[in-house]
>>> print(open('entry24.csv').read())   # CSV, C-alpha atoms
chain,number,residue,atom,x,y,z
A,160,MET,CA,23.8,15.9,23.5
A,161,ILE,CA,24.9,18.4,20.9
A,162,CYS,CA,27.8,17.5,18.6
A,163,PHE,CA,29.9,19.8,16.5
A,164,CYS,CA,32.0,19.0,13.4
A,165,ALA,CA,34.8,21.2,12.2
A,166,GLY,CA,34.8,19.7,8.7
A,167,ARG,CA,32.2,20.0,5.9
A,168,PHE,CA,29.3,17.5,6.0
A,169,HIS,CA,29.2,15.8,2.6
A,170,TRP,CA,25.5,15.3,1.8
A,171,LEU,CA,26.2,14.7,-1.9
A,172,TRP,CA,28.7,11.9,-1.0
A,173,MET,CA,26.2,10.4,1.4
A,174,TRP,CA,23.6,10.3,-1.4
A,175,GLN,CA,25.9,8.8,-4.0
A,176,ASN,CA,27.5,6.3,-1.6
A,177,PRO,CA,24.7,5.2,0.8
A,178,GLY,CA,26.3,1.8,1.2
A,179,GLU,CA,29.2,3.3,3.2
A,180,LEU,CA,26.7,4.3,5.9
A,181,LEU,CA,24.4,1.3,5.9
A,182,PRO,CA,23.8,-0.4,9.3
A,183,PRO,CA,23.2,-4.1,9.0
A,184,GLY,CA,19.8,-4.9,7.3
A,185,LEU,CA,19.3,-1.6,5.6
A,186,THR,CA,19.2,-1.2,1.8
A,187,ASP,CA,20.4,1.7,-0.3
A,188,MET,CA,16.8,2.7,-1.0
A,189,ALA,CA,16.0,2.7,2.8
A,190,THR,CA,19.0,5.0,3.4
A,191,ARG,CA,17.9,7.4,0.7
A,192,ALA,CA,14.4,7.4,2.1
A,193,LEU,CA,15.8,8.5,5.4
A,194,LEU,CA,17.6,11.4,3.8
A,195,TYR,CA,14.4,12.6,2.2
A,196,ARG,CA,12.3,12.0,5.3
A,197,ARG,CA,10.6,15.1,6.8
A,198,PRO,CA,9.5,14.0,10.3
A,199,TYR,CA,7.9,17.3,11.1
A,200,GLU,CA,5.7,17.6,8.0
A,201,PRO,CA,2.0,16.6,8.1
A,202,SER,CA,0.6,13.6,6.3
A,203,THR,CA,-2.5,15.5,5.4
A,204,PHE,CA,-3.7,19.1,5.1
A,205,LEU,CA,-7.0,20.8,4.3
A,206,ILE,CA,-7.9,23.1,1.4
A,207,LYS,CA,-11.2,25.0,0.8
A,208,HIS,CA,-13.0,25.2,-2.5
A,209,GLY,CA,-16.2,27.3,-2.3
A,210,SER,CA,-18.1,26.0,0.7
A,211,GLN,CA,-16.4,22.6,0.6
A,212,ILE,CA,-13.3,21.5,2.6
A,213,PHE,CA,-11.2,18.7,1.3
A,214,ALA,CA,-8.5,16.7,3.1
A,215,ILE,CA,-5.4,16.2,0.9
A,216,ARG,CA,-3.1,13.2,1.7
A,217,LEU,CA,0.5,14.1,1.2
A,218,ARG,CA,3.0,11.6,-0.4
A,219,ARG,CA,6.6,12.5,-1.0
A,220,HIS,CA,8.2,10.3,-3.7
A,221,ARG,CA,11.9,10.2,-4.5
A,222,ARG,CA,11.3,9.8,-8.3
A,223,ALA,CA,8.7,12.5,-8.6
A,224,ARG,CA,9.7,15.5,-10.8
A,225,ARG,CA,6.7,17.6,-10.3
A,226,TYR,CA,3.5,17.9,-8.1
A,227,THR,CA,0.7,15.6,-9.2
A,228,LEU,CA,-2.8,14.9,-7.9
A,229,ARG,CA,-4.9,11.7,-8.2
A,230,ILE,CA,-8.1,10.5,-6.6
A,231,HIS,CA,-8.1,7.3,-4.6
A,232,PRO,CA,-11.3,5.5,-5.6
A,233,THR,CA,-11.8,3.4,-2.5
A,234,ASP,CA,-10.4,5.8,0.2
A,235,ARG,CA,-12.3,8.6,-1.6
A,236,GLU,CA,-9.6,11.2,-1.0
A,237,ALA,CA,-7.2,13.3,-3.0
A,238,ILE,CA,-3.5,12.2,-2.9
A,239,LEU,CA,-0.8,14.8,-3.7
A,240,THR,CA,2.6,13.4,-4.8
A,241,MET,CA,5.5,15.8,-4.4
A,242,PRO,CA,9.1,15.7,-5.4
A,243,PRO,CA,11.9,15.1,-2.9
A,244,ARG,CA,12.8,18.8,-2.6
A,245,GLY,CA,9.2,20.1,-2.7
A,246,THR,CA,7.8,22.1,0.2
A,247,ILE,CA,4.5,22.0,2.1
A,248,ALA,CA,3.7,25.6,1.0
A,249,GLU,CA,4.1,24.7,-2.7
A,250,ALA,CA,2.1,21.5,-2.2
A,251,ARG,CA,-0.7,23.5,-0.5
A,252,ASP,CA,-0.7,26.1,-3.3
A,253,PHE,CA,-0.8,23.4,-6.0
A,254,ALA,CA,-3.8,21.7,-4.3
A,255,GLN,CA,-5.6,24.9,-3.8
A,256,LEU,CA,-5.1,25.9,-7.5
A,257,HIS,CA,-6.7,22.6,-8.5
A,258,GLY,CA,-9.5,22.7,-5.9
A,259,GLY,CA,-12.1,22.7,-8.7
A,260,TRP,CA,-10.6,19.6,-10.3
A,261,ILE,CA,-10.6,17.8,-6.9
A,262,ALA,CA,-14.2,18.8,-6.2
A,263,ALA,CA,-15.4,17.6,-9.6
A,264,ARG,CA,-13.5,14.3,-9.5
A,265,LEU,CA,-14.7,13.5,-6.0
A,266,GLY,CA,-18.2,14.5,-6.9
A,267,ARG,CA,-18.2,12.0,-9.8
A,268,LEU,CA,-17.3,9.0,-7.8
A,269,PRO,CA,-20.1,6.4,-7.8
A,270,LYS,CA,-22.2,6.0,-4.6
A,271,ALA,CA,-20.6,3.7,-2.0
A,272,ALA,CA,-22.1,0.3,-1.5
A,273,PRO,CA,-20.9,-1.1,1.9
A,274,PHE,CA,-21.3,-4.8,2.6
A,275,LEU,CA,-24.5,-4.6,4.6
A,276,PRO,CA,-27.8,-6.6,4.6
A,277,GLY,CA,-29.9,-5.7,1.6
A,278,VAL,CA,-27.1,-4.2,-0.5
A,279,VAL,CA,-26.8,-5.6,-4.0
A,280,VAL,CA,-23.3,-6.5,-5.2
A,281,PRO,CA,-22.1,-8.2,-8.4
A,282,LEU,CA,-20.5,-11.6,-8.2
A,283,ARG,CA,-18.9,-12.6,-11.5
A,284,GLY,CA,-21.0,-9.8,-13.0
A,285,VAL,CA,-24.4,-11.1,-11.7
A,286,PRO,CA,-26.2,-9.0,-9.0
A,287,HIS,CA,-26.5,-10.7,-5.6
A,288,ARG,CA,-28.4,-9.3,-2.7
A,289,ILE,CA,-26.7,-9.6,0.7
A,290,VAL,CA,-28.9,-11.5,3.2
A,291,HIS,CA,-27.9,-12.0,6.8
A,292,ARG,CA,-28.6,-15.5,8.2
A,293,ALA,CA,-27.8,-15.0,11.9
A,294,GLY,CA,-29.2,-18.3,13.0
A,295,GLU,CA,-27.5,-20.5,10.5
A,296,ARG,CA,-24.1,-22.2,10.6
A,297,GLY,CA,-21.3,-21.5,8.1
A,298,THR,CA,-19.8,-18.4,6.7
A,299,VAL,CA,-20.8,-17.2,3.2
A,300,TRP,CA,-22.6,-19.0,0.4
A,301,THR,CA,-24.9,-18.2,-2.6
A,302,GLU,CA,-28.5,-19.2,-3.2
A,303,THR,CA,-31.2,-18.6,-5.8
A,304,ARG,CA,-34.7,-17.7,-4.5
A,305,ASP,CA,-37.9,-19.0,-6.1
A,306,SER,CA,-38.3,-15.6,-7.8
A,307,GLY,CA,-34.9,-16.1,-9.5
A,308,GLU,CA,-33.2,-13.5,-7.4
A,309,LYS,CA,-29.5,-14.4,-6.6
A,310,ILE,CA,-28.6,-13.8,-2.9
A,311,LEU,CA,-25.3,-13.9,-1.0
A,312,CYS,CA,-26.0,-15.4,2.4
A,313,VAL,CA,-23.9,-14.5,5.4
A,314,ALA,CA,-24.0,-16.4,8.7
A,315,GLY,CA,-22.9,-15.3,12.2
A,316,GLY,CA,-23.1,-11.9,13.9
A,317,VAL,CA,-23.9,-8.9,11.9
A,318,GLU,CA,-20.7,-7.2,13.2
A,319,HIS,CA,-18.7,-9.8,11.3
A,320,LEU,CA,-20.7,-9.5,8.0
A,321,ASP,CA,-18.4,-7.0,6.3
A,322,ARG,CA,-15.2,-9.0,7.0
A,323,ARG,CA,-16.9,-12.3,6.0
A,324,VAL,CA,-18.0,-10.9,2.6
A,325,HIS,CA,-14.6,-9.4,2.0
A,326,ASP,CA,-12.9,-12.7,2.8
A,327,TYR,CA,-15.3,-14.7,0.7
A,328,LEU,CA,-14.8,-12.5,-2.4
A,329,LYS,CA,-11.0,-12.6,-2.0
A,330,ARG,CA,-11.1,-16.4,-1.8
A,331,GLU,CA,-13.3,-16.7,-4.9
A,332,ALA,CA,-11.0,-14.2,-6.7
A,333,ARG,CA,-7.9,-16.2,-5.8
A,334,ARG,CA,-9.6,-19.5,-6.9
A,335,GLU,CA,-10.7,-18.1,-10.3
A,336,LEU,CA,-7.4,-16.3,-11.0
A,337,GLN,CA,-5.3,-19.3,-10.0
A,338,LYS,CA,-7.3,-21.5,-12.4
A,339,ALA,CA,-7.1,-18.9,-15.3
A,340,THR,CA,-3.4,-18.1,-14.9
A,341,GLU,CA,-2.4,-21.8,-14.8
A,342,ILE,CA,-4.3,-22.4,-18.0
A,343,TYR,CA,-2.6,-19.4,-19.8
A,344,ALA,CA,0.8,-20.2,-18.3
A,345,GLN,CA,0.6,-23.7,-19.7
A,346,GLU,CA,-0.4,-22.4,-23.1
A,347,LEU,CA,2.6,-20.0,-23.2
A,348,GLY,CA,5.1,-22.4,-21.6
A,349,VAL,CA,5.8,-20.1,-18.7
A,350,ARG,CA,5.6,-20.6,-14.9
A,351,VAL,CA,3.8,-18.4,-12.4
A,352,LYS,CA,5.8,-18.5,-9.2
A,353,ARG,CA,3.5,-16.6,-6.9
A,354,LEU,CA,0.0,-15.1,-7.1
A,355,SER,CA,-1.2,-12.4,-4.7
A,356,ILE,CA,-4.7,-10.9,-4.2
A,357,ARG,CA,-4.8,-7.3,-3.1
A,358,ASP,CA,-7.0,-4.2,-3.2
A,359,GLN,CA,-5.1,-2.2,-5.8
A,360,SER,CA,-6.6,1.2,-6.7
A,361,SER,CA,-4.4,2.2,-9.6
A,362,ARG,CA,-4.2,-1.1,-11.6
A,363,TRP,CA,-6.1,-4.3,-11.9
A,364,GLY,CA,-3.0,-6.5,-12.1
A,365,SER,CA,0.8,-6.5,-12.2
A,366,CYS,CA,3.6,-8.8,-13.0
A,367,THR,CA,7.3,-9.0,-12.0
A,368,SER,CA,10.2,-10.4,-14.0
A,369,ALA,CA,10.6,-13.0,-11.2
A,370,GLY,CA,7.2,-14.5,-12.1
A,371,SER,CA,5.1,-13.0,-9.3
A,372,LEU,CA,1.6,-11.9,-10.3
A,373,SER,CA,-0.7,-9.6,-8.3
A,374,PHE,CA,-4.4,-8.9,-8.9
A,375,SER,CA,-7.2,-6.9,-7.4
A,376,TRP,CA,-9.8,-9.0,-5.6
A,377,ARG,CA,-12.5,-6.8,-7.2
A,378,LEU,CA,-12.1,-8.6,-10.5
A,379,ILE,CA,-14.4,-11.3,-9.0
A,380,LEU,CA,-17.2,-8.7,-9.2
A,381,ALA,CA,-16.7,-8.3,-13.0
A,382,PRO,CA,-18.0,-10.7,-15.7
A,383,PRO,CA,-15.8,-13.7,-16.1
A,384,PHE,CA,-14.4,-12.6,-19.5
A,385,VAL,CA,-12.9,-9.5,-17.8
A,386,LEU,CA,-11.1,-11.6,-15.1
A,387,ASP,CA,-9.9,-14.0,-17.9
A,388,TYR,CA,-8.5,-11.1,-19.9
A,389,LEU,CA,-6.6,-9.7,-16.9
A,390,ALA,CA,-5.2,-13.1,-16.1
A,391,ALA,CA,-4.1,-13.5,-19.8
A,392,HIS,CA,-2.6,-10.0,-19.8
A,393,GLU,CA,-0.4,-10.5,-16.8
A,394,VAL,CA,0.7,-14.0,-17.8
A,395,ALA,CA,1.6,-12.7,-21.2
A,396,HIS,CA,4.1,-10.3,-19.4
A,397,LEU,CA,6.1,-13.4,-18.5
A,398,VAL,CA,6.8,-13.6,-22.2
A,399,GLU,CA,7.0,-9.9,-23.0
A,400,MET,CA,7.7,-7.5,-20.1
A,401,ASN,CA,6.3,-4.5,-22.1
A,402,HIS,CA,3.3,-3.3,-24.0
A,403,SER,CA,4.8,-3.6,-27.4
A,404,PRO,CA,2.9,-4.9,-30.5
A,405,ARG,CA,4.5,-8.3,-29.8
A,406,PHE,CA,3.0,-8.3,-26.3
A,407,TRP,CA,-0.5,-7.6,-27.6
A,408,ARG,CA,-0.1,-10.4,-30.2
A,409,VAL,CA,0.7,-12.8,-27.4
A,410,VAL,CA,-2.4,-11.7,-25.4
A,411,ALA,CA,-4.7,-12.0,-28.4
A,412,ARG,CA,-3.4,-15.4,-29.2
A,413,ILE,CA,-4.5,-16.8,-25.8
A,414,CYS,CA,-7.5,-14.6,-25.1
A,415,PRO,CA,-10.3,-14.0,-27.6
A,416,SER,CA,-12.1,-11.2,-25.6
A,417,VAL,CA,-9.3,-8.6,-25.3
A,418,GLU,CA,-11.2,-5.7,-26.9
A,419,ARG,CA,-14.5,-6.6,-25.3
A,420,ALA,CA,-12.8,-6.7,-21.8
A,421,LYS,CA,-10.9,-3.5,-22.3
A,422,LYS,CA,-14.0,-1.7,-23.3
A,423,TRP,CA,-15.9,-3.1,-20.3
A,424,LEU,CA,-13.1,-1.9,-17.9
A,425,ASP,CA,-13.1,1.6,-19.5
A,426,THR,CA,-16.8,1.9,-19.2
A,427,CYS,CA,-17.6,0.0,-15.9
A,428,GLY,CA,-14.3,-0.6,-14.2
A,429,ASN,CA,-14.4,2.4,-11.9
A,430,ASP,CA,-17.8,1.3,-10.5
A,431,LEU,CA,-16.1,-1.8,-8.9
A,432,HIS,CA,-14.3,0.4,-6.5
A,433,ARG,CA,-17.5,1.5,-4.7
A,434,TYR,CA,-18.3,-1.9,-3.2
A,435,GLY,CA,-17.3,-2.7,0.4
A,436,ILE,CA,-16.6,0.9,1.3
A,437,GLU,CA,-18.5,3.6,3.2
A,438,ASP,CA,-19.0,7.3,2.2
>>> encode(input="entry24.csv", output="structure tokens")
Amino acid sequence: MICFCAGRFHWLWMWQNPGELLPPGLTDMATRALLYRRPYEPSTFLIKHGSQIFAIRLRRHRRARRYTLRIHPTDREAILTMPPRGTIAEARDFAQLHGGWIAARLGRLPKAAPFLPGVVVPLRGVPHRIVHRAGERGTVWTETRDSGEKILCVAGGVEHLDRRVHDYLKREARRELQKATEIYAQELGVRVKRLSIRDQSSRWGSCTSAGSLSFSWRLILAPPFVLDYLAAHEVAHLVEMNHSPRFWRVVARICPSVERAKKWLDTCGNDLHRYGIED
């Protein structure tokens, strides 16, 4: 069915007053997202740099003011963020112009270390070799061989090994972070209402004003002082929701290893993103 309207269609009024058009259950943000939506545009496109071809994932963001590129460390792909009124042609030209940067950044990513038998992964900063124990009962546990080598034992079918290791590391991360955040929250006289464990690629942790904390499960791969620092950092945001000098004084008061942990993350943090993924 084709409909015609004799009057002008007020797009600006729609944008400024989305609540007037909201069906039940939709938010203002959801309505604005619909106005920006481009159902016909691709989610990815290809560019060529020299003899290499790269897939670029496209992301349109309502707050973006310019075209930006970043490398996703676990998905191992380039993500191009474009402003609401940007075009695919401009996005493609921008990515092509920065083809050398994309190639260099992707080429510098550390080698992937999938969760497979024989692969060595750090647990609390200590290397553990994954060993498949198909004939034994249980899920995942650690042992120390007579030689002193630390191993991560995984029972069950090999087809379940990747999932079981992921689940084990997430459980351990939650347990350690729950313990650390409770200690720091008690010291500062604040309350953590919710703790989430995710696989965040752009940050190690986050905090909301409502008291919800979120952390990357990959922190369980780092030495304990790094996990403790991130726990202290996010809990301190419940006192100061900023990164002002006052915030850093709060962190330093409850965590003695701030500078040591920050230096470790700057030097080795990117390496944690290579575990549990495939090239």
>>> residues_around(input="entry24.csv", residues="region 226-234 of chain A", least_positions_apart="3", cutoff="10 Å", atoms="all atoms listed in the file", output="NGL selection string")
:A and (215-220 or 223 or 237-242 or 245 or 249-250 or 253-254 or 257 or 260-261 or 264-265 or 268-269 or 271 or 358-361 or 429-438)
>>> atom_distance(input="entry24.csv", atom1="CA of Glu331 (chain A)", atom2="CA of Ile356 (chain A)")
10.4 Å
>>> closest_residue(input="entry24.csv", among="A:Arg251, A:His291, A:Lys421, A:His319", to="Asp387 (chain A)", atoms="all atoms listed in the file")
A:Lys421
>>> residues_around(input="entry24.csv", residues="Val398 (chain A)", least_positions_apart="3", cutoff="8 Å", atoms="only C-alpha atoms", output="PyMOL selection string")
chain A and resi 347+349+394-395+406
>>> atom_distance(input="entry24.csv", atom1="CA of Gly315 (chain A)", atom2="CA of Trp300 (chain A)")
12.4 Å
